[in-house]
file start_6.pdb (PDB, C-alpha atoms and all ligand atoms)
ATOM      1  CA  MET A   4     -43.732 169.135  -5.150  1.00  0.00           C
ATOM      2  CA  SER A   5     -43.550 167.827  -8.718  1.00  0.00           C
ATOM      3  CA  ASP A   6     -46.541 166.563 -10.711  1.00  0.00           C
ATOM      4  CA  ILE A   7     -46.852 163.604  -8.344  1.00  0.00           C
ATOM      5  CA  LYS A   8     -50.253 163.783  -6.667  1.00  0.00           C
ATOM      6  CA  ARG A   9     -51.870 160.420  -5.947  1.00  0.00           C
ATOM      7  CA  ILE A  10     -50.077 157.753  -3.969  1.00  0.00           C
ATOM      8  CA  VAL A  11     -51.430 154.252  -3.493  1.00  0.00           C
ATOM      9  CA  LEU A  12     -50.662 152.475  -0.222  1.00  0.00           C
ATOM     10  CA  SER A  13     -51.040 148.818   0.602  1.00  0.00           C
ATOM     11  CA  SER A  14     -49.541 146.209   2.913  1.00  0.00           C
ATOM     12  CA  ASP A  15     -50.116 142.805   4.377  1.00  0.00           C
ATOM     13  CA  HIS A  16     -51.124 142.108   7.990  1.00  0.00           C
ATOM     14  CA  ALA A  17     -47.540 142.569   9.228  1.00  0.00           C
ATOM     15  CA  ALA A  18     -47.510 146.261   8.393  1.00  0.00           C
ATOM     16  CA  ILE A  19     -50.989 147.596   9.129  1.00  0.00           C
ATOM     17  CA  ASP A  20     -49.873 150.020  11.858  1.00  0.00           C
ATOM     18  CA  LEU A  21     -46.889 151.323   9.903  1.00  0.00           C
ATOM     19  CA  ARG A  22     -49.040 151.730   6.785  1.00  0.00           C
ATOM     20  CA  GLN A  23     -51.462 153.890   8.766  1.00  0.00           C
ATOM     21  CA  ALA A  24     -48.573 156.028  10.029  1.00  0.00           C
ATOM     22  CA  VAL A  25     -47.291 156.368   6.457  1.00  0.00           C
ATOM     23  CA  ALA A  26     -50.781 157.333   5.263  1.00  0.00           C
ATOM     24  CA  THR A  27     -51.048 160.099   7.863  1.00  0.00           C
ATOM     25  CA  HIS A  28     -47.550 161.335   7.050  1.00  0.00           C
ATOM     26  CA  VAL A  29     -48.000 161.328   3.281  1.00  0.00           C
ATOM     27  CA  THR A  30     -51.371 163.073   3.575  1.00  0.00           C
ATOM     28  CA  ALA A  31     -49.768 165.757   5.773  1.00  0.00           C
ATOM     29  CA  LYS A  32     -47.167 166.290   3.037  1.00  0.00           C
ATOM     30  CA  GLY A  33     -49.995 167.299   0.702  1.00  0.00           C
ATOM     31  CA  TYR A  34     -50.456 164.165  -1.390  1.00  0.00           C
ATOM     32  CA  GLU A  35     -53.720 162.379  -2.038  1.00  0.00           C
ATOM     33  CA  VAL A  36     -53.477 158.924  -0.481  1.00  0.00           C
ATOM     34  CA  VAL A  37     -55.346 155.991  -1.998  1.00  0.00           C
ATOM     35  CA  ASP A  38     -55.159 153.385   0.761  1.00  0.00           C
ATOM     36  CA  ILE A  39     -56.363 150.062  -0.627  1.00  0.00           C
ATOM     37  CA  GLY A  40     -56.004 148.169   2.656  1.00  0.00           C
ATOM     38  CA  PRO A  41     -56.288 145.656   4.109  1.00  0.00           C
ATOM     39  CA  THR A  42     -57.906 147.137   7.199  1.00  0.00           C
ATOM     40  CA  THR A  43     -57.653 144.258   9.680  1.00  0.00           C
ATOM     41  CA  THR A  44     -54.675 142.423  11.119  1.00  0.00           C
ATOM     42  CA  GLU A  45     -56.091 139.071   9.969  1.00  0.00           C
ATOM     43  CA  SER A  46     -53.388 137.037   8.243  1.00  0.00           C
ATOM     44  CA  THR A  47     -53.371 137.663   4.501  1.00  0.00           C
ATOM     45  CA  HIS A  48     -51.147 137.126   1.446  1.00  0.00           C
ATOM     46  CA  TYR A  49     -48.668 139.848   0.474  1.00  0.00           C
ATOM     47  CA  PRO A  50     -48.692 139.012  -3.282  1.00  0.00           C
ATOM     48  CA  LEU A  51     -52.365 140.027  -3.507  1.00  0.00           C
ATOM     49  CA  HIS A  52     -51.699 143.438  -2.011  1.00  0.00           C
ATOM     50  CA  GLY A  53     -48.451 144.095  -3.859  1.00  0.00           C
ATOM     51  CA  LYS A  54     -50.046 143.276  -7.172  1.00  0.00           C
ATOM     52  CA  ALA A  55     -53.191 145.319  -6.469  1.00  0.00           C
ATOM     53  CA  ALA A  56     -51.148 148.403  -5.593  1.00  0.00           C
ATOM     54  CA  ALA A  57     -48.831 147.920  -8.579  1.00  0.00           C
ATOM     55  CA  GLU A  58     -51.814 147.743 -10.929  1.00  0.00           C
ATOM     56  CA  ARG A  59     -53.008 151.149  -9.658  1.00  0.00           C
ATOM     57  CA  VAL A  60     -49.631 152.627 -10.604  1.00  0.00           C
ATOM     58  CA  ALA A  61     -49.212 150.745 -13.887  1.00  0.00           C
ATOM     59  CA  SER A  62     -52.703 151.821 -15.028  1.00  0.00           C
ATOM     60  CA  GLY A  63     -51.935 155.478 -14.291  1.00  0.00           C
ATOM     61  CA  ASP A  64     -54.648 155.721 -11.628  1.00  0.00           C
ATOM     62  CA  CYS A  65     -51.924 156.570  -9.093  1.00  0.00           C
ATOM     63  CA  ASP A  66     -48.598 158.295  -9.682  1.00  0.00           C
ATOM     64  CA  LEU A  67     -46.535 156.329  -7.162  1.00  0.00           C
ATOM     65  CA  GLY A  68     -47.011 153.534  -4.650  1.00  0.00           C
ATOM     66  CA  ILE A  69     -45.744 152.710  -1.186  1.00  0.00           C
ATOM     67  CA  ILE A  70     -46.160 149.105  -0.064  1.00  0.00           C
ATOM     68  CA  LEU A  71     -45.182 147.332   3.108  1.00  0.00           C
ATOM     69  CA  CYS A  72     -44.943 143.843   4.529  1.00  0.00           C
ATOM     70  CA  GLY A  73     -42.826 142.274   7.259  1.00  0.00           C
ATOM     71  CA  THR A  74     -39.546 142.539   5.388  1.00  0.00           C
ATOM     72  CA  GLY A  75     -40.735 144.574   2.403  1.00  0.00           C
ATOM     73  CA  GLN A  76     -39.269 141.872   0.187  1.00  0.00           C
ATOM     74  CA  GLY A  77     -42.193 139.648  -0.719  1.00  0.00           C
ATOM     75  CA  ILE A  78     -44.585 142.462  -1.538  1.00  0.00           C
ATOM     76  CA  MET A  79     -41.844 144.127  -3.616  1.00  0.00           C
ATOM     77  CA  MET A  80     -41.323 140.922  -5.619  1.00  0.00           C
ATOM     78  CA  ALA A  81     -45.043 140.705  -6.344  1.00  0.00           C
ATOM     79  CA  ALA A  82     -45.248 144.374  -7.398  1.00  0.00           C
ATOM     80  CA  ASN A  83     -42.293 144.023  -9.748  1.00  0.00           C
ATOM     81  CA  LYS A  84     -44.110 141.283 -11.676  1.00  0.00           C
ATOM     82  CA  VAL A  85     -46.545 143.912 -12.987  1.00  0.00           C
ATOM     83  CA  PRO A  86     -45.221 145.368 -16.273  1.00  0.00           C
ATOM     84  CA  GLY A  87     -43.972 148.923 -15.929  1.00  0.00           C
ATOM     85  CA  ILE A  88     -43.353 148.706 -12.190  1.00  0.00           C
ATOM     86  CA  ARG A  89     -39.952 149.477 -10.702  1.00  0.00           C
ATOM     87  CA  CYS A  90     -40.116 148.896  -6.960  1.00  0.00           C
ATOM     88  CA  GLY A  91     -37.233 148.842  -4.495  1.00  0.00           C
ATOM     89  CA  VAL A  92     -37.092 147.853  -0.828  1.00  0.00           C
ATOM     90  CA  CYS A  93     -35.421 150.502   1.311  1.00  0.00           C
ATOM     91  CA  SER A  94     -34.208 150.465   4.897  1.00  0.00           C
ATOM     92  CA  ASP A  95     -32.142 153.653   4.582  1.00  0.00           C
ATOM     93  CA  THR A  96     -32.750 157.158   3.300  1.00  0.00           C
ATOM     94  CA  PHE A  97     -29.868 157.201   0.808  1.00  0.00           C
ATOM     95  CA  SER A  98     -31.272 154.219  -1.096  1.00  0.00           C
ATOM     96  CA  ALA A  99     -34.769 155.694  -0.944  1.00  0.00           C
ATOM     97  CA  ALA A 100     -33.613 158.892  -2.643  1.00  0.00           C
ATOM     98  CA  MET A 101     -31.493 157.033  -5.181  1.00  0.00           C
ATOM     99  CA  ILE A 102     -34.231 154.687  -6.355  1.00  0.00           C
ATOM    100  CA  ARG A 103     -36.105 157.811  -7.501  1.00  0.00           C
ATOM    101  CA  ALA A 104     -33.071 159.787  -8.722  1.00  0.00           C
ATOM    102  CA  HIS A 105     -31.347 156.987 -10.656  1.00  0.00           C
ATOM    103  CA  ASN A 106     -33.883 154.180 -11.104  1.00  0.00           C
ATOM    104  CA  ASN A 107     -37.078 156.228 -11.474  1.00  0.00           C
ATOM    105  CA  ALA A 108     -38.730 153.763  -9.106  1.00  0.00           C
ATOM    106  CA  ASN A 109     -42.482 154.225  -9.200  1.00  0.00           C
ATOM    107  CA  MET A 110     -42.957 152.188  -6.033  1.00  0.00           C
ATOM    108  CA  LEU A 111     -41.219 152.017  -2.669  1.00  0.00           C
ATOM    109  CA  SER A 112     -41.377 149.012  -0.362  1.00  0.00           C
ATOM    110  CA  ILE A 113     -40.623 149.076   3.370  1.00  0.00           C
ATOM    111  CA  GLY A 114     -40.250 146.252   5.886  1.00  0.00           C
ATOM    112  CA  ALA A 115     -42.275 146.948   9.010  1.00  0.00           C
ATOM    113  CA  ARG A 116     -40.310 144.326  10.936  1.00  0.00           C
ATOM    114  CA  VAL A 117     -37.014 145.832   9.756  1.00  0.00           C
ATOM    115  CA  VAL A 118     -37.276 149.552  10.431  1.00  0.00           C
ATOM    116  CA  GLY A 119     -39.106 151.505  13.131  1.00  0.00           C
ATOM    117  CA  GLU A 120     -41.672 154.167  12.386  1.00  0.00           C
ATOM    118  CA  GLY A 121     -39.268 157.092  12.682  1.00  0.00           C
ATOM    119  CA  ILE A 122     -36.821 155.730  10.112  1.00  0.00           C
ATOM    120  CA  ALA A 123     -39.670 154.533   7.887  1.00  0.00           C
ATOM    121  CA  LEU A 124     -41.138 158.033   7.670  1.00  0.00           C
ATOM    122  CA  GLU A 125     -37.704 159.482   6.870  1.00  0.00           C
ATOM    123  CA  ILE A 126     -37.378 156.872   4.113  1.00  0.00           C
ATOM    124  CA  VAL A 127     -40.759 157.966   2.752  1.00  0.00           C
ATOM    125  CA  ASP A 128     -39.618 161.614   2.803  1.00  0.00           C
ATOM    126  CA  ALA A 129     -36.354 160.792   1.029  1.00  0.00           C
ATOM    127  CA  TYR A 130     -38.228 158.851  -1.645  1.00  0.00           C
ATOM    128  CA  LEU A 131     -40.961 161.439  -2.240  1.00  0.00           C
ATOM    129  CA  ASP A 132     -38.646 164.457  -2.092  1.00  0.00           C
ATOM    130  CA  ALA A 133     -36.200 163.065  -4.665  1.00  0.00           C
ATOM    131  CA  GLU A 134     -36.590 163.545  -8.416  1.00  0.00           C
ATOM    132  CA  PHE A 135     -35.508 161.394 -11.337  1.00  0.00           C
ATOM    133  CA  GLU A 136     -32.322 162.796 -12.856  1.00  0.00           C
ATOM    134  CA  GLY A 137     -32.887 161.400 -16.368  1.00  0.00           C
ATOM    135  CA  GLY A 138     -29.943 161.571 -18.787  1.00  0.00           C
ATOM    136  CA  ARG A 139     -27.754 158.475 -18.626  1.00  0.00           C
ATOM    137  CA  HIS A 140     -30.027 157.088 -15.942  1.00  0.00           C
ATOM    138  CA  GLY A 141     -32.960 157.304 -18.345  1.00  0.00           C
ATOM    139  CA  LYS A 142     -31.137 155.110 -20.842  1.00  0.00           C
ATOM    140  CA  ARG A 143     -30.486 152.520 -18.160  1.00  0.00           C
ATOM    141  CA  VAL A 144     -34.083 152.535 -16.955  1.00  0.00           C
ATOM    142  CA  ASP A 145     -35.187 152.041 -20.568  1.00  0.00           C
ATOM    143  CA  MET A 146     -32.907 148.995 -20.679  1.00  0.00           C
ATOM    144  CA  ILE A 147     -34.768 147.504 -17.706  1.00  0.00           C
ATOM    145  CA  GLU A 148     -38.042 147.894 -19.543  1.00  0.00           C
ATOM    146  CA  SER A 149     -36.908 146.384 -22.864  1.00  0.00           C
TER     147      SER A 149
HETATM  148  C1  LIG B   1     -45.706 137.504   6.807  1.00  0.00           C
HETATM  149  O1  LIG B   1     -45.504 136.700   7.919  1.00  0.00           O
HETATM  150  C2  LIG B   1     -44.372 137.790   6.121  1.00  0.00           C
HETATM  151  O2  LIG B   1     -43.896 136.654   5.502  1.00  0.00           O
HETATM  152  C3  LIG B   1     -44.524 138.934   5.136  1.00  0.00           C
HETATM  153  O3  LIG B   1     -45.005 140.061   5.783  1.00  0.00           O
HETATM  154  C4  LIG B   1     -43.257 139.384   4.427  1.00  0.00           C
HETATM  155  O4  LIG B   1     -42.219 139.581   5.308  1.00  0.00           O
HETATM  156  C5  LIG B   1     -42.871 138.613   3.234  1.00  0.00           C
HETATM  157  O5  LIG B   1     -41.960 138.973   2.483  1.00  0.00           O
END
call {"tool": "encode", "arguments": {"input": "start_6.pdb", "output": "structure tokens"}}
result
Amino acid sequence: MSDIKRIVLSSDHAAIDLRQAVATHVTAKGYEVVDIGPTTTESTHYPLHGKAAAERVASGDCDLGIILCGTGQGIMMAANKVPGIRCGVCSDTFSAAMIRAHNNANMLSIGARVVGEGIALEIVDAYLDAEFEGGRHGKRVDMIES
């Protein structure tokens, strides 16, 4: 494991069960999980939860974030509005590894209505096990930020 230790998790109501499975999985991998909810399946608003998780990463309180909603798209859009956040939606393991390796993504988004739990946990593994390659990819990431 690299210097990544604390991982913030959040979701909307559409992804409560998958978020709990991700929390258990990520904890078992040895990371500290900061699960900021919500805890009930009552209908809520994904921008609130995407932004709250993104702020934990942008502030440095957490090293990375994993967020979930029905498609993964809305919560990703909200997270990416927070300066310094690079969040990608992934439904496959190749993309999940590449958003770390090439894009230095500090957040991963998953659609709970798109992928089942087994694939979702493999996506989480691919994302967390990958490392940013730097070099020419670093220049390109800098261009996103400027
Ligand atoms: C909630 O019904 C749904 O719109 C939300 O989870 C997500 O898919 C939005 O992008």
call {"tool": "residues_around", "arguments": {"input": "start_6.pdb", "residues": "segment 50-55 of chain A", "least_positions_apart": "5", "cutoff": "9 Å", "atoms": "all atoms listed in the file", "output": "ChimeraX atom specification"}}
result
/A:13-15,39-41,70-71,77-85
call {"tool": "write_last_selection", "arguments": {"input": "start_6.pdb", "atoms": "C-alpha atoms", "output": "PDB file, in the coordinates of the input"}}
result
ATOM      1  CA  SER A  13     -51.040 148.818   0.602  1.00  0.00           C
ATOM      2  CA  SER A  14     -49.541 146.209   2.913  1.00  0.00           C
ATOM      3  CA  ASP A  15     -50.116 142.805   4.377  1.00  0.00           C
ATOM      4  CA  ILE A  39     -56.363 150.062  -0.627  1.00  0.00           C
ATOM      5  CA  GLY A  40     -56.004 148.169   2.656  1.00  0.00           C
ATOM      6  CA  PRO A  41     -56.288 145.656   4.109  1.00  0.00           C
ATOM      7  CA  ILE A  70     -46.160 149.105  -0.064  1.00  0.00           C
ATOM      8  CA  LEU A  71     -45.182 147.332   3.108  1.00  0.00           C
ATOM      9  CA  GLY A  77     -42.193 139.648  -0.719  1.00  0.00           C
ATOM     10  CA  ILE A  78     -44.585 142.462  -1.538  1.00  0.00           C
ATOM     11  CA  MET A  79     -41.844 144.127  -3.616  1.00  0.00           C
ATOM     12  CA  MET A  80     -41.323 140.922  -5.619  1.00  0.00           C
ATOM     13  CA  ALA A  81     -45.043 140.705  -6.344  1.00  0.00           C
ATOM     14  CA  ALA A  82     -45.248 144.374  -7.398  1.00  0.00           C
ATOM     15  CA  ASN A  83     -42.293 144.023  -9.748  1.00  0.00           C
ATOM     16  CA  LYS A  84     -44.110 141.283 -11.676  1.00  0.00           C
ATOM     17  CA  VAL A  85     -46.545 143.912 -12.987  1.00  0.00           C
TER      18      VAL A  85
END
call {"tool": "resolve_selection", "arguments": {"input": "start_6.pdb", "expression": "the PyMOL selection byres (((not hetatm)) within 7 of (chain B and resi 1))", "output": "MDAnalysis selection string"}}
result
chainID A and resid 15:17 49 72:78 114
call {"tool": "atom_distance", "arguments": {"input": "start_6.pdb", "atom1": "atom CA of Leu21 of chain A", "atom2": "atom CA of Gly87 of chain A"}}
result
26.1 Å
call {"tool": "closest_residue", "arguments": {"input": "start_6.pdb", "among": "A:Arg143, A:Tyr34, A:Val11, A:His105", "to": "Ser62 of chain A", "atoms": "all atoms listed in the file"}}
result
A:Val11
call {"tool": "closest_residue", "arguments": {"input": "start_6.pdb", "among": "A:Val60, A:Val37, A:Cys93, A:Ile102", "to": "Ala123 of chain A", "atoms": "all atoms listed in the file"}}
result
A:Cys93
call {"tool": "resolve_selection", "arguments": {"input": "start_6.pdb", "expression": "the PyMOL selection byres (((chain A and resi 36) around 12) and not hetatm)", "output": "PyMOL selection string"}}
result
chain A and resi 7-13+22-35+37-40+56+64-69
call {"tool": "closest_residue", "arguments": {"input": "start_6.pdb", "among": "A:Glu120, A:Glu125, A:Asp20, A:Glu58", "to": "Thr44 of chain A", "atoms": "all atoms listed in the file"}}
result
A:Asp20
call {"tool": "decode", "arguments": {"input": "start_6.pdb", "residues": "segment 71-84 of chain A", "atoms": "all heavy atoms", "output": "short mmCIF file (atom, residue, chain, number, x, y, z; two decimals), in the first residue's frame"}}
result
data_model
loop_
_atom_site.label_atom_id
_atom_site.label_comp_id
_atom_site.auth_asym_id
_atom_site.auth_seq_id
_atom_site.Cartn_x
_atom_site.Cartn_y
_atom_site.Cartn_z
N LEU A 71 -20.94 7.02 -4.68
CA LEU A 71 -21.86 6.17 -5.45
C LEU A 71 -23.24 6.81 -5.52
O LEU A 71 -23.72 7.40 -4.54
CB LEU A 71 -22.01 4.79 -4.80
CG LEU A 71 -20.72 4.05 -4.42
CD1 LEU A 71 -20.33 4.32 -2.97
CD2 LEU A 71 -20.89 2.56 -4.63
N CYS A 72 -23.88 6.66 -6.65
CA CYS A 72 -25.31 6.97 -6.76
C CYS A 72 -25.89 5.95 -7.74
O CYS A 72 -25.26 4.92 -7.99
CB CYS A 72 -25.55 8.42 -7.17
SG CYS A 72 -25.03 8.91 -8.83
N GLY A 73 -27.06 6.20 -8.29
CA GLY A 73 -27.67 5.21 -9.16
C GLY A 73 -26.80 4.90 -10.37
O GLY A 73 -26.52 3.74 -10.68
N THR A 74 -26.40 5.94 -11.07
CA THR A 74 -25.55 5.76 -12.25
C THR A 74 -24.08 6.06 -11.96
O THR A 74 -23.22 5.75 -12.78
CB THR A 74 -25.98 6.74 -13.36
OG1 THR A 74 -25.88 8.07 -12.84
CG2 THR A 74 -27.40 6.46 -13.83
N GLY A 75 -23.82 6.75 -10.86
CA GLY A 75 -22.47 7.25 -10.59
C GLY A 75 -22.20 8.58 -11.26
O GLY A 75 -21.20 9.24 -10.95
N GLN A 76 -23.08 8.99 -12.14
CA GLN A 76 -22.81 10.18 -12.96
C GLN A 76 -23.09 11.49 -12.21
O GLN A 76 -22.26 12.40 -12.21
CB GLN A 76 -23.65 10.13 -14.24
CG GLN A 76 -23.40 8.92 -15.12
CD GLN A 76 -22.05 8.92 -15.81
OE1 GLN A 76 -21.32 9.91 -15.79
NE2 GLN A 76 -21.70 7.81 -16.44
N GLY A 77 -24.26 11.58 -11.61
CA GLY A 77 -24.62 12.85 -10.97
C GLY A 77 -23.69 13.19 -9.82
O GLY A 77 -23.23 14.33 -9.69
N ILE A 78 -23.40 12.20 -8.99
CA ILE A 78 -22.56 12.46 -7.82
C ILE A 78 -21.13 12.79 -8.27
O ILE A 78 -20.45 13.60 -7.65
CB ILE A 78 -22.64 11.27 -6.82
CG1 ILE A 78 -22.23 11.73 -5.42
CG2 ILE A 78 -21.87 10.05 -7.29
CD1 ILE A 78 -22.65 10.78 -4.31
N MET A 79 -20.70 12.19 -9.39
CA MET A 79 -19.38 12.51 -9.95
C MET A 79 -19.35 13.97 -10.42
O MET A 79 -18.38 14.69 -10.19
CB MET A 79 -19.07 11.56 -11.10
CG MET A 79 -17.81 11.87 -11.90
SD MET A 79 -18.06 13.07 -13.23
CE MET A 79 -19.03 12.15 -14.39
N MET A 80 -20.41 14.40 -11.09
CA MET A 80 -20.46 15.79 -11.59
C MET A 80 -20.37 16.78 -10.43
O MET A 80 -19.66 17.79 -10.52
CB MET A 80 -21.74 16.02 -12.38
CG MET A 80 -21.79 15.25 -13.68
SD MET A 80 -23.39 15.51 -14.51
CE MET A 80 -23.36 14.16 -15.68
N ALA A 81 -21.08 16.47 -9.35
CA ALA A 81 -21.05 17.36 -8.18
C ALA A 81 -19.65 17.38 -7.56
O ALA A 81 -19.13 18.45 -7.22
CB ALA A 81 -22.08 16.89 -7.15
N ALA A 82 -19.02 16.23 -7.43
CA ALA A 82 -17.68 16.16 -6.82
C ALA A 82 -16.68 16.95 -7.65
O ALA A 82 -15.82 17.66 -7.11
CB ALA A 82 -17.24 14.70 -6.69
N ASN A 83 -16.80 16.85 -8.97
CA ASN A 83 -15.82 17.52 -9.83
C ASN A 83 -15.94 19.04 -9.83
O ASN A 83 -15.07 19.73 -10.36
CB ASN A 83 -15.92 16.98 -11.26
CG ASN A 83 -15.10 15.70 -11.43
OD1 ASN A 83 -14.01 15.58 -10.88
ND2 ASN A 83 -15.63 14.76 -12.18
N LYS A 84 -16.99 19.57 -9.23
CA LYS A 84 -17.13 21.02 -9.10
C LYS A 84 -16.26 21.58 -7.98
O LYS A 84 -16.06 22.78 -7.87
CB LYS A 84 -18.59 21.40 -8.83
CG LYS A 84 -19.51 21.25 -10.02
CD LYS A 84 -19.23 22.35 -11.03
CE LYS A 84 -20.22 22.31 -12.18
NZ LYS A 84 -19.90 23.35 -13.18
#
